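Participant: So I've got this file, query39.txt, and it contains compact mmCIF, C-alpha atoms:
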# COMPACT_ATOMS: atom_id res chain seq x y z
CA MET A 1 0.00 0.00 0.00
CA ARG A 2 2.81 2.41 0.92
CA LYS A 3 4.72 1.51 -2.30
CA LYS A 4 1.59 2.02 -4.44
CA PHE A 5 0.69 5.38 -2.88
CA PRO A 6 3.50 7.48 -4.43
CA LEU A 7 2.91 5.81 -7.82
CA VAL A 8 -0.74 6.76 -7.72
CA TRP A 9 0.09 10.35 -6.89
CA LEU A 10 2.78 10.42 -9.58
CA SER A 11 0.28 9.21 -12.14
CA ILE A 12 -2.21 11.86 -11.07
CA ILE A 13 0.42 14.57 -11.32
CA ILE A 14 1.51 13.43 -14.80
CA LEU A 15 -2.06 13.19 -16.04
CA THR A 16 -2.91 16.63 -14.63
CA ALA A 17 0.19 18.19 -16.19
CA SER A 18 -0.67 16.63 -19.55
CA TYR A 19 -4.22 17.88 -19.32
CA LEU A 20 -3.09 21.42 -18.46
CA ALA A 21 -0.54 21.42 -21.29
CA SER A 22 -3.15 20.32 -23.80
CA VAL A 23 -5.61 22.97 -22.57
CA SER A 24 -2.98 25.72 -22.94
CA LEU A 25 -2.26 24.56 -26.47
CA LEU A 26 -5.94 24.59 -27.33
CA VAL A 27 -6.32 28.09 -25.93
CA GLY A 28 -3.49 29.20 -28.16
CA LEU A 29 -4.72 27.35 -31.24
CA PRO A 30 -7.66 29.48 -32.35
CA ASP A 31 -5.43 32.47 -33.17
CA CYS A 32 -2.78 30.29 -34.78
CA SER A 33 -5.33 28.25 -36.71
CA TYR A 34 -7.13 31.41 -37.92
CA ALA A 35 -3.86 32.93 -39.13
CA ALA A 36 -2.80 29.62 -40.63
CA SER A 37 -6.10 29.12 -42.43
CA ALA A 38 -6.11 32.74 -43.63
CA GLN A 39 -2.62 32.30 -45.03
CA ALA A 40 -3.53 28.94 -46.53
CA ARG A 41 -6.32 30.66 -48.49
CA CYS A 42 -4.13 33.64 -49.46
CA THR A 43 -3.11 33.66 -53.11
CA PHE A 44 0.07 35.61 -52.43
CA CYS A 45 1.12 33.34 -49.55
CA GLN A 46 0.65 30.40 -51.90
CA ILE A 47 2.75 32.10 -54.56
CA ILE A 48 5.45 32.86 -51.99
CA ALA A 49 5.38 29.22 -50.86
CA GLY A 50 5.69 28.07 -54.47
CA GLN A 51 2.27 26.42 -54.40
CA GLU A 52 0.76 28.76 -56.97
CA PRO A 53 2.54 29.70 -60.22
CA ALA A 54 3.62 33.27 -60.88
CA THR A 55 6.32 35.05 -62.85
CA VAL A 56 8.84 36.19 -60.26
CA ILE A 57 10.87 39.15 -61.49
CA TYR A 58 12.90 39.88 -58.40
CA GLU A 59 13.25 38.54 -54.87
CA THR A 60 14.95 39.36 -51.57
CA PRO A 61 14.66 37.61 -48.18
CA GLU A 62 11.81 39.99 -47.28
CA ILE A 63 10.08 40.74 -50.60
CA VAL A 64 8.96 39.04 -53.80
CA VAL A 65 8.11 40.92 -57.00
CA ILE A 66 5.81 39.29 -59.52
CA LYS A 67 4.40 40.33 -62.84
CA LYS A 68 0.77 41.26 -62.56
CA ARG A 69 -1.41 38.75 -64.42
CA HIS A 70 -3.61 41.37 -65.99
CA ALA A 71 -1.43 44.44 -66.47
CA VAL A 72 -3.64 47.47 -66.96
CA GLN A 73 -1.22 49.59 -68.90
CA GLY A 74 2.51 49.73 -69.40
CA ILE A 75 4.76 48.16 -66.80
CA ASP A 76 2.76 46.79 -63.88
CA CYS A 77 4.40 44.63 -61.23
CA LEU A 78 3.45 43.74 -57.67
CA ILE A 79 5.90 44.20 -54.80
CA ILE A 80 4.78 41.82 -52.07
CA PRO A 81 6.17 41.48 -48.53
CA LYS A 82 6.68 37.80 -47.77
CA LYS A 83 5.11 38.20 -44.32
CA HIS A 84 1.32 37.97 -44.45
CA ILE A 85 0.22 41.52 -43.58
CA VAL A 86 -3.38 42.24 -44.57
CA ASN A 87 -2.66 45.88 -45.45
CA MET A 88 -1.19 49.05 -43.91
CA LYS A 89 -3.89 49.07 -41.27
CA ASP A 90 -2.40 45.78 -40.01
CA LEU A 91 1.14 47.13 -39.43
CA LYS A 92 2.51 47.05 -35.88
CA ALA A 93 4.88 49.79 -34.71
CA THR A 94 6.46 47.30 -32.29
CA ASP A 95 7.25 44.73 -35.00
CA PRO A 96 10.78 45.12 -36.47
CA TYR A 97 9.67 43.61 -39.81
CA ASP A 98 6.77 46.06 -40.11
CA THR A 99 8.88 49.09 -39.25
CA CYS A 100 11.46 48.18 -41.91
CA ILE A 101 9.04 47.20 -44.66
CA MET A 102 8.88 50.56 -46.42
CA ASN A 103 12.66 50.58 -46.74
CA HIS A 104 12.60 47.10 -48.31
CA ILE A 105 9.82 48.15 -50.70
CA LYS A 106 11.74 51.26 -51.70
CA ASP A 107 14.92 49.24 -52.32
CA CYS A 108 12.97 46.80 -54.50
CA ALA A 109 11.36 49.64 -56.44
CA LEU A 110 14.75 51.21 -57.05
CA GLU A 111 16.13 47.92 -58.30
CA LEU A 112 13.13 47.41 -60.57
CA SER A 113 13.44 50.91 -61.98
CA LYS A 114 17.06 50.14 -62.96
CA MET A 115 16.12 46.75 -64.42
CA ILE A 116 12.99 47.68 -66.32
CA THR A 117 12.79 51.40 -67.06
CA ARG A 118 14.89 53.68 -69.26
CA ASP A 119 14.70 56.78 -67.09
CA GLY A 120 14.06 55.40 -63.62
CA ASP A 121 10.67 57.10 -63.15
CA PHE A 122 7.95 55.02 -61.51
CA SER A 123 4.93 55.20 -59.26
CA LEU A 124 4.16 53.07 -56.23
CA SER A 125 0.62 52.62 -54.98
CA SER A 126 -1.04 50.46 -52.35
CA ASN A 127 -4.77 49.89 -51.89
CA ASN A 128 -5.90 49.31 -48.32
CA GLY A 129 -9.41 48.00 -47.85
CA LYS A 130 -12.25 46.90 -50.09
CA ASP A 131 -13.44 50.42 -50.93
CA ALA A 132 -9.92 51.28 -52.04
CA ASN A 133 -10.13 48.38 -54.50
CA GLN A 134 -7.91 46.03 -52.55
CA THR A 135 -8.71 42.66 -54.10
CA VAL A 136 -6.05 40.43 -52.50
CA PHE A 137 -5.89 40.94 -48.75
CA HIS A 138 -2.13 40.52 -48.44
CA MET A 139 -0.29 43.85 -48.48
CA HIS A 140 1.19 44.66 -51.88
CA TRP A 141 2.38 47.65 -53.86
CA HIS A 142 1.78 48.29 -57.54
CA PHE A 143 4.98 49.34 -59.31
CA LYS A 144 4.00 51.16 -62.47
CA ALA A 145 5.79 52.91 -65.31
CA PRO A 146 4.48 53.94 -68.73
CA LYS A 147 5.05 51.69 -71.73
CA SER A 148 7.38 54.29 -73.25
CA ALA A 149 9.72 53.84 -70.29
CA TRP A 150 10.19 50.11 -70.91
CA LYS A 151 13.75 49.07 -71.76
CA PRO A 152 13.50 47.09 -75.01
CA THR A 153 16.54 45.03 -74.05
CA VAL A 154 14.74 43.63 -71.01
CA LYS A 155 12.92 40.45 -71.93
CA MET A 156 9.62 39.88 -70.20
CA THR A 157 7.35 36.94 -70.81
CA HIS A 158 4.68 39.31 -72.09
CA SER A 159 5.01 42.76 -73.60
CA PRO A 160 3.58 45.75 -71.76
CA GLN A 161 0.13 46.56 -73.15
CA MET B 1 15.19 72.52 -46.16
CA ALA B 2 15.61 73.21 -49.88
CA HIS B 3 15.32 76.63 -51.45
CA GLU B 4 12.42 77.17 -53.86
CA CYS B 5 10.70 74.02 -52.65
CA VAL B 6 7.02 74.72 -52.15
CA PHE B 7 6.65 71.93 -49.59
CA CYS B 8 9.62 73.20 -47.57
CA ALA B 9 7.99 76.64 -47.62
CA ILE B 10 4.70 75.12 -46.42
CA ILE B 11 6.53 73.22 -43.66
CA THR B 12 8.18 76.43 -42.42
CA GLY B 13 4.89 78.30 -42.64
CA ALA B 14 6.09 80.64 -45.38
CA ILE B 15 3.32 79.44 -47.69
CA PRO B 16 -0.16 78.73 -46.30
CA ALA B 17 -1.80 75.30 -46.56
CA THR B 18 -4.68 73.48 -44.89
CA VAL B 19 -2.93 71.36 -42.28
CA ILE B 20 -4.74 68.17 -41.31
CA ASP B 21 -2.16 66.67 -38.96
CA GLN B 22 1.44 67.09 -37.93
CA THR B 23 4.10 65.12 -36.06
CA HIS B 24 7.78 65.76 -35.42
CA SER B 25 8.65 64.19 -38.78
CA MET B 26 5.53 64.52 -40.94
CA LEU B 27 3.09 67.15 -42.17
CA VAL B 28 -0.32 66.24 -43.59
CA ILE B 29 -2.05 68.83 -45.76
CA LYS B 30 -5.03 68.91 -48.07
CA ASP B 31 -4.22 68.51 -51.75
CA ARG B 32 -5.09 71.67 -53.68
CA ALA B 33 -6.53 69.69 -56.59
CA PRO B 34 -8.27 66.77 -54.88
CA LYS B 35 -9.05 63.64 -56.87
CA ALA B 36 -11.35 62.26 -54.16
CA PRO B 37 -13.46 63.54 -51.23
CA ILE B 38 -10.46 62.89 -49.01
CA HIS B 39 -7.14 63.67 -50.69
CA TYR B 40 -4.27 64.54 -48.43
CA LEU B 41 -0.53 64.75 -48.89
CA ILE B 42 1.70 63.09 -46.31
CA ILE B 43 4.96 65.03 -46.47
CA PRO B 44 8.16 64.21 -44.56
CA LYS B 45 9.58 67.40 -43.09
CA LYS B 46 13.06 66.35 -44.22
CA HIS B 47 13.63 67.43 -47.81
CA LEU B 48 14.11 64.36 -49.99
CA ARG B 49 13.55 64.46 -53.73
CA ASP B 50 11.56 61.23 -53.89
CA CYS B 51 11.47 57.81 -52.27
CA THR B 52 14.68 56.73 -54.00
CA ALA B 53 16.51 59.38 -51.94
CA LEU B 54 15.67 57.54 -48.70
CA ILE B 55 18.84 56.08 -47.16
CA PRO B 56 19.05 53.28 -44.55
CA GLU B 57 19.27 55.93 -41.82
CA ASP B 58 15.82 57.16 -42.96
CA ARG B 59 14.23 53.83 -42.04
CA GLU B 60 12.16 55.40 -39.28
CA LEU B 61 11.08 58.22 -41.57
CA ALA B 62 9.95 55.75 -44.22
CA ALA B 63 7.96 53.82 -41.60
CA ASP B 64 6.43 57.07 -40.36
CA ILE B 65 4.83 57.61 -43.77
CA LEU B 66 2.94 54.32 -43.45
CA PHE B 67 2.02 54.80 -39.80
CA THR B 68 0.78 58.32 -40.52
CA ALA B 69 -1.50 56.87 -43.19
CA GLN B 70 -2.64 54.24 -40.68
CA HIS B 71 -3.39 56.95 -38.14
CA LEU B 72 -5.41 58.99 -40.66
CA ALA B 73 -7.45 55.89 -41.57
CA LYS B 74 -8.26 55.36 -37.89
CA THR B 75 -9.09 58.95 -37.03
CA ILE B 76 -10.65 60.59 -40.11
CA GLN B 77 -14.28 59.75 -40.77
CA GLY B 78 -14.68 58.12 -44.18
CA ALA B 79 -10.98 57.36 -44.55
CA GLN B 80 -10.96 53.79 -43.27
CA ASP B 81 -10.20 52.39 -46.73
CA PHE B 82 -7.53 54.33 -48.59
CA ARG B 83 -4.98 54.31 -51.35
CA LEU B 84 -1.42 55.50 -50.80
CA LEU B 85 0.37 56.69 -53.92
CA MET B 86 3.91 57.94 -54.45
CA ASN B 87 5.07 59.27 -57.80
CA ASN B 88 8.81 59.25 -58.38
CA GLY B 89 10.06 61.32 -61.29
CA ALA B 90 8.39 63.72 -63.71
CA LYS B 91 7.36 60.98 -66.15
CA ALA B 92 5.59 59.18 -63.34
CA GLY B 93 3.57 62.30 -62.57
CA GLN B 94 5.66 63.85 -59.81
CA SER B 95 5.19 67.61 -59.92
CA VAL B 96 6.71 68.73 -56.61
CA PHE B 97 10.16 67.27 -56.10
CA HIS B 98 9.91 66.79 -52.35
CA LEU B 99 8.93 63.23 -51.32
CA HIS B 100 5.23 62.98 -50.56
CA ALA B 101 2.53 60.35 -50.50
CA HIS B 102 -1.01 60.90 -51.72
CA PHE B 103 -3.59 59.63 -49.24
CA ILE B 104 -6.79 59.07 -51.22
CA ALA B 105 -10.07 58.00 -49.61
CA GLY B 106 -13.73 58.85 -49.25
CA LYS B 107 -15.05 57.10 -52.34
CA THR B 108 -15.09 53.62 -53.82
CA LEU B 109 -12.08 53.26 -56.07
CA THR B 110 -12.40 50.97 -59.07
CA ASP B 111 -9.09 51.46 -60.85
CA PHE B 112 -5.67 50.21 -59.75
Would you mind writing the file out in structure tokens?

Facilitator:
Amino acid sequence: MRKKFPLVWLSIIILTASYLASVSLLVGLPDCSYAASAQARCTFCQIIAGQEPATVIYETPEIVVIKKRHAVQGIDCLIIPKKHIVNMKDLKATDPYDTCIMNHIKDCALELSKMITRDGDFSLSSNNGKDANQTVFHMHWHFKAPKSAWKPTVKMTHSPQ
Amino acid sequence: MAHECVFCAIITGAIPATVIDQTHSMLVIKDRAPKAPIHYLIIPKKHLRDCTALIPEDRELAADILFTAQHLAKTIQGAQDFRLLMNNGAKAGQSVFHLHAHFIAGKTLTDF
């Protein structure tokens, strides 16, 4: 009886600890699972993960640049942060990635302007929210330059329209 | 500050403008020729020609542009959904050669 007593208590302690650990995991899961499922449904996250095809023009550890599927006019590329940020409203001032993102976007845009344009002139625009015509809810910037600015020596899979 | 720069003159108060908001690094004014019900210009107080003039040391300044836009979206009625646009170079439509971002909101946008 005396030998069994500690074993019983040990078993109870182990079972209780396991139960508490599983409860804490479950409490944490809803946020993780929501973010995970949101990212799983995100076209740009799938492109970044290589699960969805896209024409990648340029890439850094933080950013990927793809050709827009339906270019409206001239040169039209999308500069996309690899981290899933819904839009500018989602940025956190305490997050080092978020506070550096504009610098990374600017560096990418500068690189693109050297690669693609004759004179280096370009516009950058970002739509934030449905009423601003944001259609993919993963932050991205449109890099645009007029057709006349396109360097003819740069080969792109499709010609600017 | 740069001489003969209209935005520098607005920042110093030499030229009047309708100021919407101001921080230590940014000035927000109404655009004189608005393209939407809400059309503001977010202007860094430091004179930079365009976004390509930002250097690594300007990282905080660059972030401030985005966080200023975020703040406007939170605090201005009707500005919750917005477009931020920066033109770099004359051929891209830049007319004042002092870095600024157009904050456009207040209507449903259908173009890109």

Participant: Where does chain A meet chain B within 7 Å, residue by residue, with the nearest atom pair and distance in Å to one decimal for each, counting only C-alpha atoms, listed by chain and rising number, as JSON lines?

Facilitator:
{"residue": "A:Met88", "atom": "CA", "partner": "B:Gln70", "partner_atom": "CA", "distance": 6.3}
{"residue": "A:Lys89", "atom": "CA", "partner": "B:Gln70", "partner_atom": "CA", "distance": 5.4}
{"residue": "A:Thr99", "atom": "CA", "partner": "B:Ala63", "partner_atom": "CA", "distance": 5.4}
{"residue": "A:Cys100", "atom": "CA", "partner": "B:Arg59", "partner_atom": "CA", "distance": 6.3}
{"residue": "A:Met102", "atom": "CA", "partner": "B:Ala62", "partner_atom": "CA", "distance": 5.7}
{"residue": "A:Asn103", "atom": "CA", "partner": "B:Arg59", "partner_atom": "CA", "distance": 5.9}
{"residue": "A:Lys106", "atom": "CA", "partner": "B:Cys51", "partner_atom": "CA", "distance": 6.6}
{"residue": "A:Leu110", "atom": "CA", "partner": "B:Thr52", "partner_atom": "CA", "distance": 6.3}
{"residue": "A:Asp121", "atom": "CA", "partner": "B:Gly89", "partner_atom": "CA", "distance": 4.7}
{"residue": "A:Phe122", "atom": "CA", "partner": "B:Ala92", "partner_atom": "CA", "distance": 5.1}
{"residue": "A:Ser123", "atom": "CA", "partner": "B:Asn87", "partner_atom": "CA", "distance": 4.3}
{"residue": "A:Leu124", "atom": "CA", "partner": "B:Met86", "partner_atom": "CA", "distance": 5.2}
{"residue": "A:Ser125", "atom": "CA", "partner": "B:Leu85", "partner_atom": "CA", "distance": 4.2}
{"residue": "A:Ser126", "atom": "CA", "partner": "B:Leu84", "partner_atom": "CA", "distance": 5.3}
{"residue": "A:Asn127", "atom": "CA", "partner": "B:Arg83", "partner_atom": "CA", "distance": 4.5}
{"residue": "A:Asn128", "atom": "CA", "partner": "B:Phe82", "partner_atom": "CA", "distance": 5.3}
{"residue": "A:Gly129", "atom": "CA", "partner": "B:Asp81", "partner_atom": "CA", "distance": 4.6}
{"residue": "A:Lys130", "atom": "CA", "partner": "B:Asp81", "partner_atom": "CA", "distance": 6.8}
{"residue": "A:Asp131", "atom": "CA", "partner": "B:Thr108", "partner_atom": "CA", "distance": 4.6}
{"residue": "A:Ala132", "atom": "CA", "partner": "B:Leu109", "partner_atom": "CA", "distance": 5.0}
{"residue": "A:Asn133", "atom": "CA", "partner": "B:Leu109", "partner_atom": "CA", "distance": 5.5}
{"residue": "A:Ala145", "atom": "CA", "partner": "B:Ala92", "partner_atom": "CA", "distance": 6.6}

Participant: So the first atom is CA of Phe7 in chain B and the second is CA of Asp31 in chain B; what is the distance between them in Å, to one decimal place?

Facilitator: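 Here the two named atoms are 11.6 Å from each other.
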
Participant: Tell me, in Å to one decimal, how far CA of Pro53 in chain A is from CA of Asp95 in chain A.

Facilitator: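 Going from CA of Pro53 in chain A over to CA of Asp95 in chain A covers 29.7 Å.
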
Participant: For Trp141 in chain A, which residue among A:Asp119, A:Asp98, A:Asp76, A:Glu111 is the nearest when counting only C-alpha atoms?

Facilitator: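 Of A:Asp119, A:Asp98, A:Asp76, A:Glu111, the one nearest Trp141 in chain A, counting only C-alpha atoms, is A:Asp76.
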
Participant: So how far away is CA of Lys46 in chain B from CA of Met26 in chain B, in Å?

Facilitator: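 Interatomic distance, CA of Met26 in chain B to CA of Lys46 in chain B: 8.4 Å.
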
Participant: Produce the centre coordinates and the three edge lengths, each in Å to one decimal, of the box along x, y and z that contains all listed atoms of range 57-72 of chain B with 5 Å added on each side, as JSON.

Facilitator:
{"center_x": 6.9, "center_y": 56.4, "center_z": -41.2, "size_x": 34.7, "size_y": 15.2, "size_z": 16.1}

Participant: Using all atoms listed in the file, which residues sit within 9 Å of His98 in chain B once same-chain residues fewer than 3 positions away are excluded, as a PDB file with C-alpha atoms, in the frame of the given file?

Facilitator:
ATOM      1  CA  ALA B   2      15.610  73.210 -49.880  1.00  0.00           C
ATOM      2  CA  CYS B   5      10.700  74.020 -52.650  1.00  0.00           C
ATOM      3  CA  VAL B   6       7.020  74.720 -52.150  1.00  0.00           C
ATOM      4  CA  PHE B   7       6.650  71.930 -49.590  1.00  0.00           C
ATOM      5  CA  CYS B   8       9.620  73.200 -47.570  1.00  0.00           C
ATOM      6  CA  ILE B  43       4.960  65.030 -46.470  1.00  0.00           C
ATOM      7  CA  PRO B  44       8.160  64.210 -44.560  1.00  0.00           C
ATOM      8  CA  LYS B  46      13.060  66.350 -44.220  1.00  0.00           C
ATOM      9  CA  HIS B  47      13.630  67.430 -47.810  1.00  0.00           C
ATOM     10  CA  LEU B  48      14.110  64.360 -49.990  1.00  0.00           C
ATOM     11  CA  ARG B  49      13.550  64.460 -53.730  1.00  0.00           C
ATOM     12  CA  ASP B  50      11.560  61.230 -53.890  1.00  0.00           C
ATOM     13  CA  SER B  95       5.190  67.610 -59.920  1.00  0.00           C
TER      14      SER B  95
END

Participant: Considering only C-alpha atoms, can you say which of A:Ile63, A:Leu10, A:Val56, A:Ile48 comes closest to Ala109 in chain A?

Facilitator: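 Nearest candidate to Ala109 in chain A out of A:Ile63, A:Leu10, A:Val56, A:Ile48: A:Ile63.
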